[in-house]
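Colleague: Contents are PDB, C-alpha atoms; file name structure08.pdb:
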ATOM      1  CA  MET A   1      -7.477  49.247 -10.709
ATOM      2  CA  GLU A   2      -4.541  47.176 -11.854
ATOM      3  CA  THR A   3      -2.331  50.177 -12.583
ATOM      4  CA  ALA A   4      -3.317  51.886  -9.334
ATOM      5  CA  HIS A   5      -2.429  48.720  -7.501
ATOM      6  CA  THR A   6       0.932  48.100  -9.129
ATOM      7  CA  HIS A   7       2.232  51.641  -8.927
ATOM      8  CA  ALA A   8       0.690  53.336  -5.939
ATOM      9  CA  PRO A   9       0.738  51.681  -2.545
ATOM     10  CA  MET A  10       4.114  51.275  -0.983
ATOM     11  CA  LYS A  11       2.275  50.660   2.254
ATOM     12  CA  GLU A  12      -0.673  48.352   2.615
ATOM     13  CA  SER A  13      -3.397  48.872   5.211
ATOM     14  CA  PRO A  14      -3.953  45.990   7.666
ATOM     15  CA  LEU A  15      -7.618  45.912   6.636
ATOM     16  CA  ARG A  16      -6.746  45.460   2.968
ATOM     17  CA  LEU A  17      -4.299  42.697   3.822
ATOM     18  CA  GLU A  18      -6.965  40.944   5.876
ATOM     19  CA  CYS A  19      -9.488  41.204   3.009
ATOM     20  CA  VAL A  20      -6.987  39.826   0.497
ATOM     21  CA  THR A  21      -6.044  36.957   2.823
ATOM     22  CA  PHE A  22      -9.712  36.197   3.499
ATOM     23  CA  GLY A  23     -10.495  36.106  -0.223
ATOM     24  CA  MET A  24      -7.551  33.802  -0.875
ATOM     25  CA  TRP A  25      -8.632  31.335   1.809
ATOM     26  CA  LEU A  26     -12.172  31.413   0.416
ATOM     27  CA  PHE A  27     -10.757  30.515  -3.001
ATOM     28  CA  LEU A  28      -8.703  27.703  -1.470
ATOM     29  CA  ALA A  29     -11.848  26.443   0.309
ATOM     30  CA  SER A  30     -13.531  26.142  -3.099
ATOM     31  CA  GLU A  31     -10.427  24.355  -4.376
ATOM     32  CA  VAL A  32     -10.747  21.832  -1.543
ATOM     33  CA  MET A  33     -14.264  21.064  -2.760
ATOM     34  CA  PHE A  34     -13.013  20.743  -6.347
ATOM     35  CA  PHE A  35     -10.541  18.035  -5.345
ATOM     36  CA  SER A  36     -13.013  16.508  -2.870
ATOM     37  CA  ALA A  37     -15.304  15.585  -5.770
ATOM     38  CA  PHE A  38     -12.495  13.592  -7.400
ATOM     39  CA  PHE A  39     -11.501  12.005  -4.096
ATOM     40  CA  GLY A  40     -15.156  10.964  -3.702
ATOM     41  CA  MET A  41     -14.975   9.351  -7.120
ATOM     42  CA  TYR A  42     -11.832   7.482  -6.069
ATOM     43  CA  ILE A  43     -13.439   6.275  -2.808
ATOM     44  CA  ILE A  44     -16.394   4.820  -4.757
ATOM     45  CA  LEU A  45     -14.020   3.160  -7.220
ATOM     46  CA  ARG A  46     -11.987   1.533  -4.445
ATOM     47  CA  TYR A  47     -15.149   0.125  -2.828
ATOM     48  CA  ALA A  48     -16.889  -0.913  -6.034
ATOM     49  CA  HIS A  49     -13.866  -2.407  -7.794
ATOM     50  CA  PRO A  50     -11.296  -3.568  -5.239
ATOM     51  CA  GLU A  51      -9.939  -5.999  -7.839
ATOM     52  CA  LEU A  52      -8.669  -3.126 -10.016
ATOM     53  CA  LEU A  53      -5.969  -2.407  -7.432
ATOM     54  CA  ALA A  54      -4.138  -5.441  -8.784
ATOM     55  CA  THR A  55      -3.659  -3.537 -12.076
ATOM     56  CA  ARG A  56      -1.866  -0.702 -10.282
ATOM     57  CA  GLU A  57       1.707  -0.282 -11.571
ATOM     58  CA  LEU A  58       2.812   3.041 -10.137
ATOM     59  CA  SER A  59       6.425   3.778  -9.255
ATOM     60  CA  VAL A  60       6.558   4.424  -5.502
ATOM     61  CA  PRO A  61      10.176   5.763  -5.689
ATOM     62  CA  LEU A  62       9.169   8.354  -8.318
ATOM     63  CA  GLY A  63       6.036   9.288  -6.369
ATOM     64  CA  MET A  64       8.125   9.659  -3.221
ATOM     65  CA  LEU A  65      10.736  11.714  -5.089
ATOM     66  CA  ASN A  66       8.007  14.071  -6.282
ATOM     67  CA  THR A  67       6.639  14.340  -2.742
ATOM     68  CA  LEU A  68      10.074  15.392  -1.496
ATOM     69  CA  VAL A  69      10.436  17.837  -4.424
ATOM     70  CA  LEU A  70       7.116  19.534  -3.590
ATOM     71  CA  ILE A  71       7.859  19.664   0.150
ATOM     72  CA  THR A  72      11.226  21.275  -0.615
ATOM     73  CA  SER A  73       9.517  23.767  -2.936
ATOM     74  CA  SER A  74       7.085  24.655  -0.138
ATOM     75  CA  PHE A  75      10.096  25.302   2.096
ATOM     76  CA  THR A  76      11.771  27.579  -0.472
ATOM     77  CA  MET A  77       8.412  29.356  -0.864
ATOM     78  CA  VAL A  78       8.205  30.239   2.849
ATOM     79  CA  LEU A  79      11.807  31.468   2.637
ATOM     80  CA  ALA A  80      10.746  33.730  -0.263
ATOM     81  CA  VAL A  81       7.843  35.163   1.766
ATOM     82  CA  SER A  82      10.212  35.553   4.703
ATOM     83  CA  GLY A  83      12.608  37.460   2.441
ATOM     84  CA  ALA A  84       9.802  39.747   1.257
ATOM     85  CA  LYS A  85       8.841  40.479   4.868
ATOM     86  CA  SER A  86      12.358  41.422   5.910
ATOM     87  CA  GLY A  87      13.045  43.369   2.712
ATOM     88  CA  ASP A  88      15.744  40.932   1.582
ATOM     89  CA  ARG A  89      15.158  41.161  -2.166
ATOM     90  CA  LYS A  90      17.919  38.722  -3.000
ATOM     91  CA  ALA A  91      16.428  36.011  -0.758
ATOM     92  CA  LEU A  92      13.003  36.757  -2.253
ATOM     93  CA  THR A  93      13.986  36.454  -5.917
ATOM     94  CA  ARG A  94      16.360  33.522  -5.412
ATOM     95  CA  ASN A  95      13.788  31.463  -3.489
ATOM     96  CA  LEU A  96      10.957  32.296  -5.906
ATOM     97  CA  LEU A  97      13.099  31.051  -8.775
ATOM     98  CA  LEU A  98      14.081  27.924  -6.805
ATOM     99  CA  THR A  99      10.406  27.224  -6.086
ATOM    100  CA  ALA A 100       9.487  27.566  -9.766
ATOM    101  CA  ALA A 101      12.441  25.332 -10.720
ATOM    102  CA  LEU A 102      11.354  22.622  -8.275
ATOM    103  CA  ALA A 103       7.805  22.871  -9.662
ATOM    104  CA  LEU A 104       9.275  22.239 -13.093
ATOM    105  CA  VAL A 105      11.222  19.229 -11.748
ATOM    106  CA  PHE A 106       7.927  17.852 -10.427
ATOM    107  CA  LEU A 107       6.321  18.139 -13.878
ATOM    108  CA  VAL A 108       9.343  16.564 -15.600
ATOM    109  CA  VAL A 109       9.187  13.554 -13.237
ATOM    110  CA  LYS A 110       5.432  13.375 -13.868
ATOM    111  CA  TYR A 111       6.104  13.440 -17.606
ATOM    112  CA  PHE A 112       8.427  10.440 -17.319
ATOM    113  CA  GLU A 113       5.844   8.627 -15.185
ATOM    114  CA  TYR A 114       3.082   9.268 -17.720
ATOM    115  CA  THR A 115       5.158   8.227 -20.751
ATOM    116  CA  ALA A 116       6.287   5.043 -18.959
ATOM    117  CA  LYS A 117       2.600   4.216 -18.372
ATOM    118  CA  PHE A 118       1.752   4.920 -22.007
ATOM    119  CA  HIS A 119       4.527   2.580 -23.148
ATOM    120  CA  HIS A 120       2.956  -0.150 -21.047
ATOM    121  CA  GLY A 121      -0.390   0.550 -22.680
ATOM    122  CA  LEU A 122      -1.877   2.108 -19.564
ATOM    123  CA  PHE A 123      -4.175   4.944 -20.607
ATOM    124  CA  PRO A 124      -7.051   6.794 -18.917
ATOM    125  CA  SER A 125      -9.382   4.480 -20.839
ATOM    126  CA  THR A 126      -7.614   1.293 -19.655
ATOM    127  CA  ASN A 127      -9.803   0.881 -16.591
ATOM    128  CA  LEU A 128     -11.479   2.931 -13.849
ATOM    129  CA  PHE A 129      -8.344   2.914 -11.684
ATOM    130  CA  TYR A 130      -6.237   4.558 -14.383
ATOM    131  CA  GLY A 131      -9.141   6.864 -15.246
ATOM    132  CA  CYS A 132      -9.040   8.105 -11.639
ATOM    133  CA  TYR A 133      -5.240   8.204 -11.555
ATOM    134  CA  TYR A 134      -4.952  10.393 -14.661
ATOM    135  CA  THR A 135      -7.866  12.628 -13.623
ATOM    136  CA  LEU A 136      -6.507  13.288 -10.114
ATOM    137  CA  THR A 137      -2.843  13.686 -11.047
ATOM    138  CA  GLY A 138      -3.764  15.548 -14.259
ATOM    139  CA  PHE A 139      -5.768  18.232 -12.469
ATOM    140  CA  HIS A 140      -3.084  18.451  -9.797
ATOM    141  CA  GLY A 141      -0.419  18.775 -12.504
ATOM    142  CA  LEU A 142      -2.461  21.560 -14.103
ATOM    143  CA  HIS A 143      -2.378  23.374 -10.756
ATOM    144  CA  VAL A 144       1.405  22.944 -10.644
ATOM    145  CA  LEU A 145       1.694  24.337 -14.190
ATOM    146  CA  ILE A 146      -0.454  27.378 -13.301
ATOM    147  CA  GLY A 147       1.683  27.752 -10.165
ATOM    148  CA  ILE A 148       4.857  28.011 -12.270
ATOM    149  CA  PHE A 149       3.378  30.932 -14.228
ATOM    150  CA  ILE A 150       2.221  32.654 -11.018
ATOM    151  CA  LEU A 151       5.651  32.178  -9.396
ATOM    152  CA  LEU A 152       7.492  33.502 -12.457
ATOM    153  CA  GLY A 153       5.139  36.501 -12.644
ATOM    154  CA  ILE A 154       5.803  37.308  -8.985
ATOM    155  CA  TRP A 155       9.537  36.749  -9.522
ATOM    156  CA  TRP A 156       9.541  39.199 -12.436
ATOM    157  CA  LYS A 157       7.884  41.900 -10.312
ATOM    158  CA  ALA A 158      10.101  41.118  -7.321
ATOM    159  CA  ARG A 159      13.179  41.646  -9.489
ATOM    160  CA  ALA A 160      11.801  45.056 -10.444
ATOM    161  CA  GLY A 161      11.553  45.877  -6.765
ATOM    162  CA  ARG A 162       7.762  46.019  -6.572
ATOM    163  CA  TYR A 163       7.547  44.393  -3.162
ATOM    164  CA  THR A 164       8.517  45.993   0.131
ATOM    165  CA  PRO A 165       8.214  44.809   3.744
ATOM    166  CA  GLU A 166       5.079  47.025   3.914
ATOM    167  CA  HIS A 167       3.543  45.788   0.677
ATOM    168  CA  HIS A 168       4.024  42.215  -0.478
ATOM    169  CA  SER A 169       0.601  40.543  -0.252
ATOM    170  CA  PRO A 170       0.894  39.099  -3.821
ATOM    171  CA  VAL A 171       3.967  37.125  -2.652
ATOM    172  CA  GLU A 172       2.048  35.829   0.363
ATOM    173  CA  MET A 173      -1.003  34.884  -1.713
ATOM    174  CA  ALA A 174       1.160  33.078  -4.289
ATOM    175  CA  GLY A 175       2.667  31.261  -1.283
ATOM    176  CA  LEU A 176      -0.764  30.214   0.004
ATOM    177  CA  TYR A 177      -1.664  28.879  -3.446
ATOM    178  CA  TRP A 178       1.616  27.026  -3.758
ATOM    179  CA  HIS A 179       1.329  25.408  -0.308
ATOM    180  CA  PHE A 180      -2.188  24.307  -1.221
ATOM    181  CA  VAL A 181      -0.856  22.528  -4.320
ATOM    182  CA  ASP A 182       1.671  20.776  -2.049
ATOM    183  CA  LEU A 183      -1.131  19.920   0.384
ATOM    184  CA  VAL A 184      -3.222  18.206  -2.313
ATOM    185  CA  TRP A 185      -0.237  16.071  -3.308
ATOM    186  CA  ILE A 186       0.311  15.088   0.344
ATOM    187  CA  PHE A 187      -3.044  13.264   0.094
ATOM    188  CA  LEU A 188      -2.735  12.110  -3.528
ATOM    189  CA  PHE A 189       0.587  10.337  -3.020
ATOM    190  CA  PRO A 190      -0.511   7.878  -0.291
ATOM    191  CA  ALA A 191      -4.033   7.499  -1.717
ATOM    192  CA  LEU A 192      -2.878   6.584  -5.235
ATOM    193  CA  TYR A 193       0.592   5.062  -4.790
ATOM    194  CA  LEU A 194       0.654   3.449  -1.356
ATOM    195  CA  LEU A 195      -2.725   2.493   0.068
TER     196      LEU A 195
ATOM    197  CA  MET B   1       0.775  39.179  14.031
ATOM    198  CA  ALA B   2       3.688  37.050  15.171
ATOM    199  CA  HIS B   3       5.559  35.120  12.524
ATOM    200  CA  PRO B   4       7.709  32.036  12.793
ATOM    201  CA  THR B   5      11.418  32.279  12.103
ATOM    202  CA  ASN B   6      13.236  30.510   9.283
ATOM    203  CA  ARG B   7      14.504  28.114  11.943
ATOM    204  CA  VAL B   8      10.923  27.026  12.697
ATOM    205  CA  TYR B   9      10.271  26.635   8.957
ATOM    206  CA  PHE B  10      13.337  24.424   8.642
ATOM    207  CA  GLN B  11      12.162  22.206  11.511
ATOM    208  CA  VAL B  12       8.733  21.847   9.876
ATOM    209  CA  PHE B  13      10.468  21.036   6.576
ATOM    210  CA  LEU B  14      12.529  18.283   8.274
ATOM    211  CA  ALA B  15       9.397  16.899   9.966
ATOM    212  CA  LEU B  16       7.635  16.708   6.573
ATOM    213  CA  ILE B  17      10.604  14.844   5.040
ATOM    214  CA  VAL B  18      10.685  12.372   7.940
ATOM    215  CA  LEU B  19       6.909  11.818   7.760
ATOM    216  CA  THR B  20       7.152  11.132   4.010
ATOM    217  CA  VAL B  21       9.736   8.411   4.656
ATOM    218  CA  VAL B  22       7.599   7.079   7.547
ATOM    219  CA  THR B  23       4.442   6.895   5.413
ATOM    220  CA  VAL B  24       6.244   4.849   2.728
ATOM    221  CA  ALA B  25       7.792   2.582   5.384
ATOM    222  CA  VAL B  26       4.482   2.053   7.189
ATOM    223  CA  SER B  27       2.740   1.163   3.922
ATOM    224  CA  ARG B  28       5.172  -1.780   3.614
ATOM    225  CA  VAL B  29       4.202  -3.115   7.049
ATOM    226  CA  HIS B  30       1.074  -5.229   7.012
ATOM    227  CA  LEU B  31      -1.498  -3.668   9.334
ATOM    228  CA  GLY B  32      -4.529  -5.143   7.624
ATOM    229  CA  HIS B  33      -6.325  -3.433   4.726
ATOM    230  CA  ALA B  34      -8.181  -0.893   6.881
ATOM    231  CA  GLY B  35      -5.187  -0.494   9.218
ATOM    232  CA  ASN B  36      -2.853   0.563   6.401
ATOM    233  CA  ILE B  37      -5.399   3.006   4.972
ATOM    234  CA  ILE B  38      -6.052   4.589   8.380
ATOM    235  CA  ALA B  39      -2.304   4.858   9.147
ATOM    236  CA  GLY B  40      -1.564   6.400   5.739
ATOM    237  CA  LEU B  41      -4.386   8.933   5.995
ATOM    238  CA  LEU B  42      -3.479   9.854   9.582
ATOM    239  CA  ILE B  43       0.112  10.656   8.566
ATOM    240  CA  ALA B  44      -1.214  12.665   5.596
ATOM    241  CA  VAL B  45      -3.496  14.659   7.932
ATOM    242  CA  VAL B  46      -0.541  15.426  10.249
ATOM    243  CA  LYS B  47       1.568  16.550   7.247
ATOM    244  CA  ALA B  48      -1.289  18.674   5.888
ATOM    245  CA  GLY B  49      -1.705  20.209   9.348
ATOM    246  CA  LEU B  50       1.995  21.130   9.480
ATOM    247  CA  VAL B  51       1.799  22.759   6.035
ATOM    248  CA  ALA B  52      -1.418  24.665   6.837
ATOM    249  CA  PHE B  53      -0.534  25.802  10.371
ATOM    250  CA  PHE B  54       3.096  26.803   9.787
ATOM    251  CA  PHE B  55       3.789  27.289   6.062
ATOM    252  CA  MET B  56       0.358  28.839   5.413
ATOM    253  CA  HIS B  57       0.464  30.773   8.722
ATOM    254  CA  LEU B  58      -2.932  29.455   9.813
ATOM    255  CA  LYS B  59      -1.644  29.232  13.391
ATOM    256  CA  TYR B  60      -1.065  32.984  13.387
ATOM    257  CA  GLU B  61      -4.307  34.040  11.662
ATOM    258  CA  GLY B  62      -7.361  35.419  13.411
ATOM    259  CA  ALA B  63     -10.653  33.663  14.150
ATOM    260  CA  LEU B  64     -12.218  34.685  10.806
ATOM    261  CA  ILE B  65      -9.675  32.893   8.603
ATOM    262  CA  LYS B  66      -9.599  29.859  10.890
ATOM    263  CA  ARG B  67     -13.386  29.526  10.604
ATOM    264  CA  VAL B  68     -13.285  29.763   6.814
ATOM    265  CA  THR B  69     -11.041  26.695   6.713
ATOM    266  CA  LEU B  70     -13.574  24.728   8.759
ATOM    267  CA  VAL B  71     -16.286  25.060   6.092
ATOM    268  CA  PRO B  72     -14.714  22.847   3.395
ATOM    269  CA  LEU B  73     -13.600  20.356   6.057
ATOM    270  CA  LEU B  74     -17.206  20.070   7.271
ATOM    271  CA  LEU B  75     -18.523  19.697   3.706
ATOM    272  CA  LEU B  76     -15.822  17.120   2.948
ATOM    273  CA  GLY B  77     -16.873  15.184   6.068
ATOM    274  CA  ILE B  78     -20.520  15.194   4.937
ATOM    275  CA  LEU B  79     -19.515  14.101   1.429
ATOM    276  CA  VAL B  80     -17.367  11.190   2.616
ATOM    277  CA  LEU B  81     -19.937  10.098   5.219
ATOM    278  CA  GLY B  82     -22.684  10.223   2.589
ATOM    279  CA  LEU B  83     -20.576   8.205   0.147
ATOM    280  CA  ILE B  84     -19.743   5.543   2.727
ATOM    281  CA  LEU B  85     -23.394   5.207   3.747
ATOM    282  CA  ASP B  86     -24.429   5.061   0.105
ATOM    283  CA  ILE B  87     -21.839   2.391  -0.642
ATOM    284  CA  ALA B  88     -22.746   0.331   2.439
ATOM    285  CA  VAL B  89     -26.500   0.421   1.775
ATOM    286  CA  PHE B  90     -26.945   0.724  -1.960
ATOM    287  CA  LEU B  91     -23.783  -0.451  -3.707
ATOM    288  CA  PRO B  92     -25.110  -3.943  -4.481
ATOM    289  CA  LYS B  93     -27.955  -2.247  -6.398
ATOM    290  CA  HIS B  94     -25.716   0.115  -8.388
ATOM    291  CA  GLU B  95     -25.634  -1.952 -11.549
ATOM    292  CA  ILE B  96     -23.754   0.761 -13.420
ATOM    293  CA  LEU B  97     -20.707   0.314 -11.173
ATOM    294  CA  ARG B  98     -20.615  -3.452 -11.582
TER     295      ARG B  98
END
Transcribe the structure of this file into structure tokens.

Modeller:
Amino acid sequence: METAHTHAPMKESPLRLECVTFGMWLFLASEVMFFSAFFGMYIILRYAHPELLATRELSVPLGMLNTLVLITSSFTMVLAVSGAKSGDRKALTRNLLLTAALALVFLVVKYFEYTAKFHHGLFPSTNLFYGCYYTLTGFHGLHVLIGIFILLGIWWKARAGRYTPEHHSPVEMAGLYWHFVDLVWIFLFPALYLL
Amino acid sequence: MAHPTNRVYFQVFLALIVLTVVTVAVSRVHLGHAGNIIAGLLIAVVKAGLVAFFFMHLKYEGALIKRVTLVPLLLLGILVLGLILDIAVFLPKHEILR
């Protein structure tokens, strides 16, 4: 199946594209529920222990920087998909690489945030607020990390010329996944850092 | 299936940047505890909508895909409503959380 897929179709049927897109959205729907469980946990925490908010020491500038980094990476991702659609391989590969690089920047900033917390003795076990903070941002960070591997895999195949204007659904699906990761952060940033 | 141009993508990108700055600015203005939370979440919903409808092409998808996205939103609504009711009615009895 894998070999047939990677070598054969230079042209993809509209039905197949619709099935692939449907499956991807179904997966993302399950991902929404995955993060919803943790958001539910955070809602209970905020109601049950409002006093823990006083222990919050998160860097709003760094959180905002990471928000801007992810939004920019979403923009470069749509440019990559756009390049795949128009058959502009250079735009495709360049923007895929840019997206992966920005994802890496996000993780580096996150690394500095985490280590700064550790130096102040703030660990997941410190209290329920930090337990929630590390759980939510940790699982989101894991999604970013997986995203980097997906983006680099797609970039590798794009460089080899595997995608054409008629067949590039893997690029589009990687895009959907990547925008979803951005979307989760759009809620995490205000919920954890600001509100 | 119509697709937006890179120009449209750039405008959405700019809107997302502006909304990020706005959400940080608004969080510094005192609107009351509930007021700040509602304002912050509303801006997040608008940003999420921009990402989903334009970057994820939801605006240009057919009825099937659009309906699929409604399912988790409905379940999320039930979950949050259930949690809020639970907290309002039973929280004082949840010794484990105290």

Colleague: Counting only C-alpha atoms, which residues from chain A have an atom at most 8 Å from any atom of chain B, and could you show them as a JSON list (two decimals) with C-alpha atoms, keeping the file's coordinate frame?

Modeller:
[["chain", "number", "residue", "atom", "x", "y", "z"],
["A", 21, "THR", "CA", -6.04, 36.96, 2.82],
["A", 22, "PHE", "CA", -9.71, 36.20, 3.50],
["A", 25, "TRP", "CA", -8.63, 31.34, 1.81],
["A", 26, "LEU", "CA", -12.17, 31.41, 0.42],
["A", 29, "ALA", "CA", -11.85, 26.44, 0.31],
["A", 30, "SER", "CA", -13.53, 26.14, -3.10],
["A", 32, "VAL", "CA", -10.75, 21.83, -1.54],
["A", 33, "MET", "CA", -14.26, 21.06, -2.76],
["A", 36, "SER", "CA", -13.01, 16.51, -2.87],
["A", 40, "GLY", "CA", -15.16, 10.96, -3.70],
["A", 43, "ILE", "CA", -13.44, 6.28, -2.81],
["A", 44, "ILE", "CA", -16.39, 4.82, -4.76],
["A", 47, "TYR", "CA", -15.15, 0.12, -2.83],
["A", 48, "ALA", "CA", -16.89, -0.91, -6.03],
["A", 49, "HIS", "CA", -13.87, -2.41, -7.79],
["A", 64, "MET", "CA", 8.12, 9.66, -3.22],
["A", 67, "THR", "CA", 6.64, 14.34, -2.74],
["A", 68, "LEU", "CA", 10.07, 15.39, -1.50],
["A", 71, "ILE", "CA", 7.86, 19.66, 0.15],
["A", 72, "THR", "CA", 11.23, 21.28, -0.62],
["A", 74, "SER", "CA", 7.08, 24.66, -0.14],
["A", 75, "PHE", "CA", 10.10, 25.30, 2.10],
["A", 78, "VAL", "CA", 8.20, 30.24, 2.85],
["A", 79, "LEU", "CA", 11.81, 31.47, 2.64],
["A", 82, "SER", "CA", 10.21, 35.55, 4.70],
["A", 175, "GLY", "CA", 2.67, 31.26, -1.28],
["A", 176, "LEU", "CA", -0.76, 30.21, 0.00],
["A", 179, "HIS", "CA", 1.33, 25.41, -0.31],
["A", 183, "LEU", "CA", -1.13, 19.92, 0.38],
["A", 186, "ILE", "CA", 0.31, 15.09, 0.34],
["A", 187, "PHE", "CA", -3.04, 13.26, 0.09],
["A", 190, "PRO", "CA", -0.51, 7.88, -0.29],
["A", 191, "ALA", "CA", -4.03, 7.50, -1.72],
["A", 194, "LEU", "CA", 0.65, 3.45, -1.36],
["A", 195, "LEU", "CA", -2.72, 2.49, 0.07]]

Colleague: Here's the selection I'm unsure about, the PyMOL selection byres ((chain A and resi 124-136) around 10); applied to the file above, which residues does it give, as an MDAnalysis selection string?

Modeller: (chainID A and resid 35 38:39 41:42 45:46 49:58 114 117:118 121:123 137:141 184:185 188 191:193) or (chainID B and resid 97)

Colleague: When you count only C-alpha atoms, which of these residues is closest to Ile150 (chain A): A:Thr115, A:Leu97, A:Gly87, A:Val108?

Modeller: A:Leu97

Colleague: Using all atoms listed in the file, pick whichever of A:Ala158, A:Leu62, A:Met24, A:Ile146 has the shortest atom-to-atom distance to Phe112 (chain A).

Modeller: A:Leu62

Colleague: For a quick check of understanding, using all atoms listed in the file, which of A:Leu17, A:Leu152, A:His120, A:Thr93 has the smallest distance to Glu166 (chain A)?

Modeller: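 Once distances to Glu166 (chain A) are computed over all atoms listed in the file, the minimum belongs to A:Leu17.
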
Colleague: I'd like the residues picked by the PyMOL selection byres ((chain A and resi 88) around 12) written out as a PyMOL selection string, using the chain letters and numbers from the file.

Modeller: chain A and resi 79-87+89-95+158-159+161+163-165+168

Colleague: Would you mind exporting the chosen residues as a CSV table (one decimal), in the coordinates of the input, restricted to C-alpha atoms?

Modeller:
chain,number,residue,atom,x,y,z
A,79,LEU,CA,11.8,31.5,2.6
A,80,ALA,CA,10.7,33.7,-0.3
A,81,VAL,CA,7.8,35.2,1.8
A,82,SER,CA,10.2,35.6,4.7
A,83,GLY,CA,12.6,37.5,2.4
A,84,ALA,CA,9.8,39.7,1.3
A,85,LYS,CA,8.8,40.5,4.9
A,86,SER,CA,12.4,41.4,5.9
A,87,GLY,CA,13.0,43.4,2.7
A,89,ARG,CA,15.2,41.2,-2.2
A,90,LYS,CA,17.9,38.7,-3.0
A,91,ALA,CA,16.4,36.0,-0.8
A,92,LEU,CA,13.0,36.8,-2.3
A,93,THR,CA,14.0,36.5,-5.9
A,94,ARG,CA,16.4,33.5,-5.4
A,95,ASN,CA,13.8,31.5,-3.5
A,158,ALA,CA,10.1,41.1,-7.3
A,159,ARG,CA,13.2,41.6,-9.5
A,161,GLY,CA,11.6,45.9,-6.8
A,163,TYR,CA,7.5,44.4,-3.2
A,164,THR,CA,8.5,46.0,0.1
A,165,PRO,CA,8.2,44.8,3.7
A,168,HIS,CA,4.0,42.2,-0.5

Colleague: Which value, in Å to one decimal, gives the distance between CA of Tyr111 (chain A) and CA of Trp178 (chain A)?

Modeller: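 Separating CA of Tyr111 (chain A) from CA of Trp178 (chain A) is a distance of 19.9 Å.
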
Colleague: Give me the residues within 8 Å of Ser73 (chain A) as a list of chain:residue names, counting all atoms listed in the file and dropping any in the same chain fewer than 2 places off.

Modeller: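 Near Ser73 (chain A), the qualifying residues are A:Val69, A:Leu70, A:Ile71, A:Phe75, A:Thr76, A:Met77, A:Leu98, A:Thr99, A:Ala100, A:Leu102, A:Ala103.
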
Colleague: Could you work out how far CA of Val109 (chain A) lies from CA of Ala37 (chain A), giving the answer in Å with one decimal?

Modeller: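 CA of Ala37 (chain A) sits 25.7 Å away from CA of Val109 (chain A).
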
Colleague: Which one of B:Phe90, B:Phe53, B:Leu42, B:Leu74 sits closest to Val8 (chain B) if you count only C-alpha atoms?

Modeller: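 Closest residue, counting only C-alpha atoms: B:Phe53.
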